[in-house]
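Accompanying notes for the structure given below.
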Amino acid sequence: MEKIVLPEIKDYHLIDVYIKNGGYESAKKAFTFSTDEIIDQVKKSGLRGRGGAAFLAGLKWSFMPKSSDKPKYLCINGDESEPGSFKDRQIFEYNPHQLIEGILITAYAIQANTCYIYIRGEYHKWIKLLQKALDDAYSNGLVGEKMKDTFGIGFCTNIYIHKGAGAYICGEESSLMNSIEGQRGYPRVKPPFPAQNGLWGCPTTINNVETITNVPPIIKNGWEWFSKIGEPKHPGTILYGLSGHINKPGIYELPSGTLLTDLIYKYGGGVPGDKKVLCVIPGGSSMPPLRGDQIEGVKMDAESLKAYGTAIGTGGVIVMDEDTDLVKILARIAKFYYHESCGQCTPCREGTGWMLKILNRLVSGEGSVKDLDLLVSVANNIEGNTICALGEAAAWPVKFMITRFRDYFEKRVSSENILPVRNKVHSMRNTAISIDTEQN
Amino acid sequence: MEFKFSEANNKNIKDILGKYPVKKAAVMPVLYLAQEQNGYISNEVMLEISNVLEMTPEDVLGVVTFYTMYHQSPVGKNHIQVCTNVSCMLRGGYEIYDTVREKLGISNGQVTQDMKFSLEEVECMGSCGTAPMIAVNEDYYENLTKEQVINILESLK
Ligand SMILES: Cc1cc2nc3c(=O)[nH]c(=O)nc-3n(C[C@H](O)[C@H](O)[C@H](O)COP(=O)(O)O)c2cc1C
Ligand code: SF4
Ligand code: FES
């Protein structure tokens with residue numbers, strides 16, 4: 001199988017090797033097209049965003065105003081903080097020039113003269129690696145003012161890395177823009193959308209690192225070629241991440257629509273100790289989990305997963321074996337969203353805290369069946385009532401883990417706690433001691 | 001203690017300002033420079049940055065408190081970060097965390113008395129495929145066992 005995003009070529013991250021293998025030729029080719037032609041080709045290729053929402057890349061670009069007296073911006077999202085996701089760092093390390101070339105083509109297509117690559121602050125090493133590649137591209141005249149001469153065009157763009165500082169929410173596109181502007185990373189109310197009102201109020205496009213790294217091969221080989229790889233409605237390869245209880249964890253570049261069972265057993269070498277799969281989260285911790293007995297025949301692409309009541313997200317597959325304590329796992333996931341909620345919206349700020357509290361109660365064996373309903377109700381009240389999609393990201397795992405593993409959770413609460421809810425008032429009295437010991 | 005940027009950093013700030021259309025946007029990278037020079041972000045640091053970037057000190061404080069990687073008090077010479085999020089948890093992240101806690105005798109957010117170590121339980125670091133992991137200052141250590149963690153900590157003493 002051909003690798004598009006992470007080709008297996010030795011030292012491909014070095015500019016000389018990249019150029020020797022036809023690197024930056026796609027940009028040269030792209031610059032002979034009009035901007036509309038490029039947008040049209042990417043639209044027809046069917047390339048969808050790899051950052052979580054799987055939105056059509058070409059369509060997004062077409063929202064950018066053609067004429068504007070304001071500067072236009074391109075932001076590349078390398079915040080990569082969704083638990084279970086570790087794909088963009090492979091691109092920074094092993095194929096940085098294809099990302100840079102993709103940026104040149106995209107920036108040209110939307111006529112953006114400035115591009116910011118937002119990378120999570122913890123990725124010090126990968127920021128340095130990408131900066132080195134960027135410096136090499138600059139000194140070869142491929143980026144910035146000099147690219148006008150190199151490519152013989154009237155267009156140029158500058159590319160800068162903006163380092164995050166430890167906030168998952170900054171991966172959300174409007175929060176990311178506020179962060180670049182030097183503000184607290186609060187998501188913005190939409191509309192207005194970034195294409196109209198983005199960075200400093202100017203037209204802005206935001207795309208994920210992997211999305212943009214797909215662009216040069218599409219220009220080079222044509223949109224028909226790309227549209228025929230994998231699933232027609234979500235074509236191309238996907239960088240699937242395998243983690244958790246799996247023999248060979250890692251990133252696997254495979255055609256979209258690869259079977260989940262193939263990912264786990266054929267590529268990932270199965271579950272350690274040949275244990276059964278209890279639960280799989282298919283696209284990073286925000287996505288609705290699947291039961292182990294639900295994964296047969298499940299294809300890994302946006303449309304197929306939607307049919308199974310979940311989503312492709314970042315393609316980060318987290319596998320849990322039959323001995324996993326799902327209550328503890330869910331409590332840990334809830335802790336993450338509680339910690340990362342920016343606090344602007346009441347349902348998200350308060351709801352994530354309540355869900356964590358209730359789940360901690362379940363972990364300590366003090367929960368009741370009523371708590372399960374309460375959790376689902378809190379989750380339902382967050383969903384759809386917030387400024388940004390972190391609300392859903394926090395609600396979905398709780399809601400779907402509990403509804404899909406209801407039997408499991410009921411067993412957990414009933415075996416460990418016979419009283420529906422421990423009566424806190426009565427437990428202060430002497431009589432309660434006998435009740436407690438009787439019941440336990 | 002008054003804070004002033006070093007000569008070298010003044011030059012760095014000039015370079016950073018060239019990347020953005022407005023001064024305020026430089027606040028995150030400039031905070032990193034200050035943290036590197038001063039060890040942590042003190043009130044004096046924030047005041048100086050507010051002067052340099054023509055922001056209110058409150059706006060600088062707002063940024064500092066939003067992001068977890070800016071420290072408002074000194075951290076240890078070796079700042080140990082342990083990921084305990086799902087993928088790490090499934091591969092022993094909490095055992096690694098407990099090992100570090102026991103070995104250093106401090107809990108989350110604390111610094112050892114000799115200022116050599118500090119500990120932070122962190123969220124997913126993007127090492128899920130090479131879990132469990134710790135980071136020491138800027139460096140990642142992945143695919144760890146308890147024994148390896150103990151060795152790493154001992155090598156840092
Ligand atoms: C809470 C939250 C966190 C997100 N984190 C990321 C991220 O780390 N990287 C990313 O590319 N997109 C992330 N997204 C999605 C972005 O908002 C945006 O849709 C995406 O970057 C667009 O790029 P694409 O169309 O190429 O996928 C996040 C969204 C939310 C709601
Ligand atoms: S949904 Fe949560 S993270 Fe998003 S803006 Fe509201 S409070 Fe902030
Ligand atoms: S969960 Fe620990 S690095 Fe991702």
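Starting from 1 in every chain, residues are counted up; chains themselves are A, B, ... following the order of the structure tokens, and ligands are numbered from 1 as listed.
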
For this session: Hey, list the chain A side of the contact with chain B: 8 Å cut-off, only C-alpha atoms, answer as an NGL selection string.
Result: :A and (80-86 or 89 or 121-122 or 124-125 or 160 or 162-167 or 180-185 or 241-245 or 249-251 or 285 or 318 or 320 or 324 or 329 or 332-333 or 336)

Exercise. When the cut-off is 7 Å and you count only C-alpha atoms and all ligand atoms, which residues lie near ligand 1, shown as an MDAnalysis selection string?
Worked result: chainID A and resid 48:57 77:82 168:173 206:209 211 388:390 393

Residues within 8 Å of ligand 2, counting only C-alpha atoms and all ligand atoms: report them as a PDB file with N, CA, C and O atoms, in the first residue's frame.
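So result.pdb came out as:
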ATOM      1  N   ILE A 169      -7.862  23.193  24.987  1.00  0.00           N
ATOM      2  CA  ILE A 169      -8.903  23.964  24.318  1.00  0.00           C
ATOM      3  C   ILE A 169      -8.344  24.757  23.133  1.00  0.00           C
ATOM      4  O   ILE A 169      -9.069  25.072  22.190  1.00  0.00           O
ATOM      5  N   TYR A 186      -9.907  31.574  24.920  1.00  0.00           N
ATOM      6  CA  TYR A 186     -11.360  31.359  24.971  1.00  0.00           C
ATOM      7  C   TYR A 186     -11.921  31.157  23.566  1.00  0.00           C
ATOM      8  O   TYR A 186     -11.687  31.992  22.694  1.00  0.00           O
ATOM      9  N   PRO A 187     -12.694  30.106  23.338  1.00  0.00           N
ATOM     10  CA  PRO A 187     -13.376  29.973  22.051  1.00  0.00           C
ATOM     11  C   PRO A 187     -14.328  31.145  21.816  1.00  0.00           C
ATOM     12  O   PRO A 187     -14.830  31.748  22.772  1.00  0.00           O
ATOM     13  N   ARG A 188     -14.532  31.455  20.533  1.00  0.00           N
ATOM     14  CA  ARG A 188     -15.422  32.555  20.176  1.00  0.00           C
ATOM     15  C   ARG A 188     -16.775  32.010  19.760  1.00  0.00           C
ATOM     16  O   ARG A 188     -16.883  30.884  19.265  1.00  0.00           O
ATOM     17  N   GLU A 340      -9.849  20.780  31.443  1.00  0.00           N
ATOM     18  CA  GLU A 340      -9.603  21.556  30.225  1.00  0.00           C
ATOM     19  C   GLU A 340     -10.744  22.513  29.848  1.00  0.00           C
ATOM     20  O   GLU A 340     -10.587  23.329  28.947  1.00  0.00           O
ATOM     21  N   SER A 341     -11.889  22.406  30.492  1.00  0.00           N
ATOM     22  CA  SER A 341     -12.985  23.339  30.205  1.00  0.00           C
ATOM     23  C   SER A 341     -12.490  24.763  30.476  1.00  0.00           C
ATOM     24  O   SER A 341     -11.895  25.022  31.511  1.00  0.00           O
ATOM     25  N   CYS A 342     -12.749  25.678  29.528  1.00  0.00           N
ATOM     26  CA  CYS A 342     -12.247  27.040  29.724  1.00  0.00           C
ATOM     27  C   CYS A 342     -13.122  27.825  30.684  1.00  0.00           C
ATOM     28  O   CYS A 342     -12.737  28.891  31.149  1.00  0.00           O
ATOM     29  N   GLY A 343     -14.318  27.330  30.951  1.00  0.00           N
ATOM     30  CA  GLY A 343     -15.144  27.950  31.971  1.00  0.00           C
ATOM     31  C   GLY A 343     -16.085  29.050  31.501  1.00  0.00           C
ATOM     32  O   GLY A 343     -16.780  29.653  32.311  1.00  0.00           O
ATOM     33  N   GLN A 344     -16.131  29.297  30.199  1.00  0.00           N
ATOM     34  CA  GLN A 344     -17.002  30.370  29.715  1.00  0.00           C
ATOM     35  C   GLN A 344     -18.493  30.030  29.823  1.00  0.00           C
ATOM     36  O   GLN A 344     -19.306  30.901  30.098  1.00  0.00           O
ATOM     37  N   CYS A 345     -18.841  28.754  29.511  1.00  0.00           N
ATOM     38  CA  CYS A 345     -20.264  28.393  29.492  1.00  0.00           C
ATOM     39  C   CYS A 345     -20.603  27.606  30.757  1.00  0.00           C
ATOM     40  O   CYS A 345     -19.897  26.654  31.113  1.00  0.00           O
ATOM     41  N   THR A 346     -21.714  27.957  31.375  1.00  0.00           N
ATOM     42  CA  THR A 346     -22.106  27.293  32.614  1.00  0.00           C
ATOM     43  C   THR A 346     -22.289  25.780  32.446  1.00  0.00           C
ATOM     44  O   THR A 346     -21.786  25.011  33.263  1.00  0.00           O
ATOM     45  N   PRO A 347     -22.998  25.301  31.418  1.00  0.00           N
ATOM     46  CA  PRO A 347     -23.212  23.842  31.331  1.00  0.00           C
ATOM     47  C   PRO A 347     -21.900  23.062  31.275  1.00  0.00           C
ATOM     48  O   PRO A 347     -21.783  22.004  31.891  1.00  0.00           O
ATOM     49  N   CYS A 348     -20.919  23.599  30.545  1.00  0.00           N
ATOM     50  CA  CYS A 348     -19.634  22.897  30.418  1.00  0.00           C
ATOM     51  C   CYS A 348     -18.827  23.028  31.706  1.00  0.00           C
ATOM     52  O   CYS A 348     -18.341  22.044  32.256  1.00  0.00           O
ATOM     53  N   ARG A 349     -18.718  24.247  32.217  1.00  0.00           N
ATOM     54  CA  ARG A 349     -17.914  24.482  33.427  1.00  0.00           C
ATOM     55  C   ARG A 349     -18.449  23.680  34.603  1.00  0.00           C
ATOM     56  O   ARG A 349     -17.709  22.950  35.262  1.00  0.00           O
ATOM     57  N   ASN A 385     -25.497  22.928  24.239  1.00  0.00           N
ATOM     58  CA  ASN A 385     -25.772  24.164  24.975  1.00  0.00           C
ATOM     59  C   ASN A 385     -24.524  24.975  25.295  1.00  0.00           C
ATOM     60  O   ASN A 385     -24.492  25.700  26.285  1.00  0.00           O
ATOM     61  N   THR A 386     -23.502  24.806  24.459  1.00  0.00           N
ATOM     62  CA  THR A 386     -22.248  25.487  24.776  1.00  0.00           C
ATOM     63  C   THR A 386     -21.704  26.239  23.576  1.00  0.00           C
ATOM     64  O   THR A 386     -22.159  26.043  22.449  1.00  0.00           O
ATOM     65  N   ILE A 387     -20.706  27.087  23.832  1.00  0.00           N
ATOM     66  CA  ILE A 387     -20.108  27.886  22.759  1.00  0.00           C
ATOM     67  C   ILE A 387     -19.312  26.999  21.806  1.00  0.00           C
ATOM     68  O   ILE A 387     -19.388  27.145  20.601  1.00  0.00           O
ATOM     69  N   CYS A 388     -18.545  26.070  22.353  1.00  0.00           N
ATOM     70  CA  CYS A 388     -17.701  25.263  21.469  1.00  0.00           C
ATOM     71  C   CYS A 388     -17.954  23.781  21.679  1.00  0.00           C
ATOM     72  O   CYS A 388     -18.691  23.379  22.576  1.00  0.00           O
ATOM     73  N   ALA A 389     -17.321  22.968  20.837  1.00  0.00           N
ATOM     74  CA  ALA A 389     -17.583  21.531  20.832  1.00  0.00           C
ATOM     75  C   ALA A 389     -16.893  20.785  21.970  1.00  0.00           C
ATOM     76  O   ALA A 389     -17.024  19.572  22.073  1.00  0.00           O
ATOM     77  N   LEU A 390     -16.170  21.491  22.856  1.00  0.00           N
ATOM     78  CA  LEU A 390     -15.635  20.773  24.019  1.00  0.00           C
ATOM     79  C   LEU A 390     -16.795  20.266  24.876  1.00  0.00           C
ATOM     80  O   LEU A 390     -16.685  19.256  25.555  1.00  0.00           O
ATOM     81  N   GLY A 391     -17.910  20.970  24.814  1.00  0.00           N
ATOM     82  CA  GLY A 391     -19.092  20.500  25.535  1.00  0.00           C
ATOM     83  C   GLY A 391     -19.465  19.094  25.110  1.00  0.00           C
ATOM     84  O   GLY A 391     -19.606  18.188  25.941  1.00  0.00           O
ATOM     85  N   GLU A 392     -19.575  18.890  23.803  1.00  0.00           N
ATOM     86  CA  GLU A 392     -19.902  17.551  23.276  1.00  0.00           C
ATOM     87  C   GLU A 392     -18.776  16.568  23.604  1.00  0.00           C
ATOM     88  O   GLU A 392     -19.020  15.422  23.965  1.00  0.00           O
TER      89      GLU A 392
END

For this session: For Lys66 in chain A, work out the shell of residues within 9 Å, counting only C-alpha atoms and skipping chain neighbours fewer than 2 positions away, then give it as a ChimeraX atom specification.
Result: /A:62-64,68,110-111

Could you write out the selected residues, including C-alpha atoms, as a short mmCIF file (atom, residue, chain, number, x, y, z; two decimals), in the first residue's frame?
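The result, stored in out-v5.cif:
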data_model
loop_
_atom_site.label_atom_id
_atom_site.label_comp_id
_atom_site.auth_asym_id
_atom_site.auth_seq_id
_atom_site.Cartn_x
_atom_site.Cartn_y
_atom_site.Cartn_z
CA SER A 62 -13.90 28.37 -1.02
CA PHE A 63 -15.49 30.29 1.88
CA MET A 64 -12.57 32.71 1.87
CA SER A 68 -10.76 41.75 0.58
CA ILE A 110 -6.61 31.28 -0.48
CA GLN A 111 -4.12 34.13 -1.07
#

Problem set entry | Minimum-distance residue to Ile19 in chain A, chosen among A:Ile119, A:Ala137, A:Ile402, A:Val363 (using only C-alpha atoms) |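 Residue with the minimum atom-to-atom distance to Ile19 in chain A: A:Ala137.
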
Exercise. What is the distance, in Å and to one decimal place, between CA of Asn21 in chain A and CA of Asn214 in chain A?
Worked result: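 Taking CA of Asn21 in chain A as the start and CA of Asn214 in chain A as the end point, the length is 16.2 Å.
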
Exercise. Contacts of Asn360 in chain A at 10 Å or less, counting only C-alpha atoms, minus same-chain residues fewer than 2 places along, as a PyMOL selection string?
Worked result: chain A and resi 327-328+330-332+334-335+354-358+362-367

Exercise. Which residue out of B:Lys77, B:Ile134, B:Asn143, B:Phe3 has the minimum interatomic distance to Val111 in chain B when only C-alpha atoms are used?
Worked result: B:Lys77
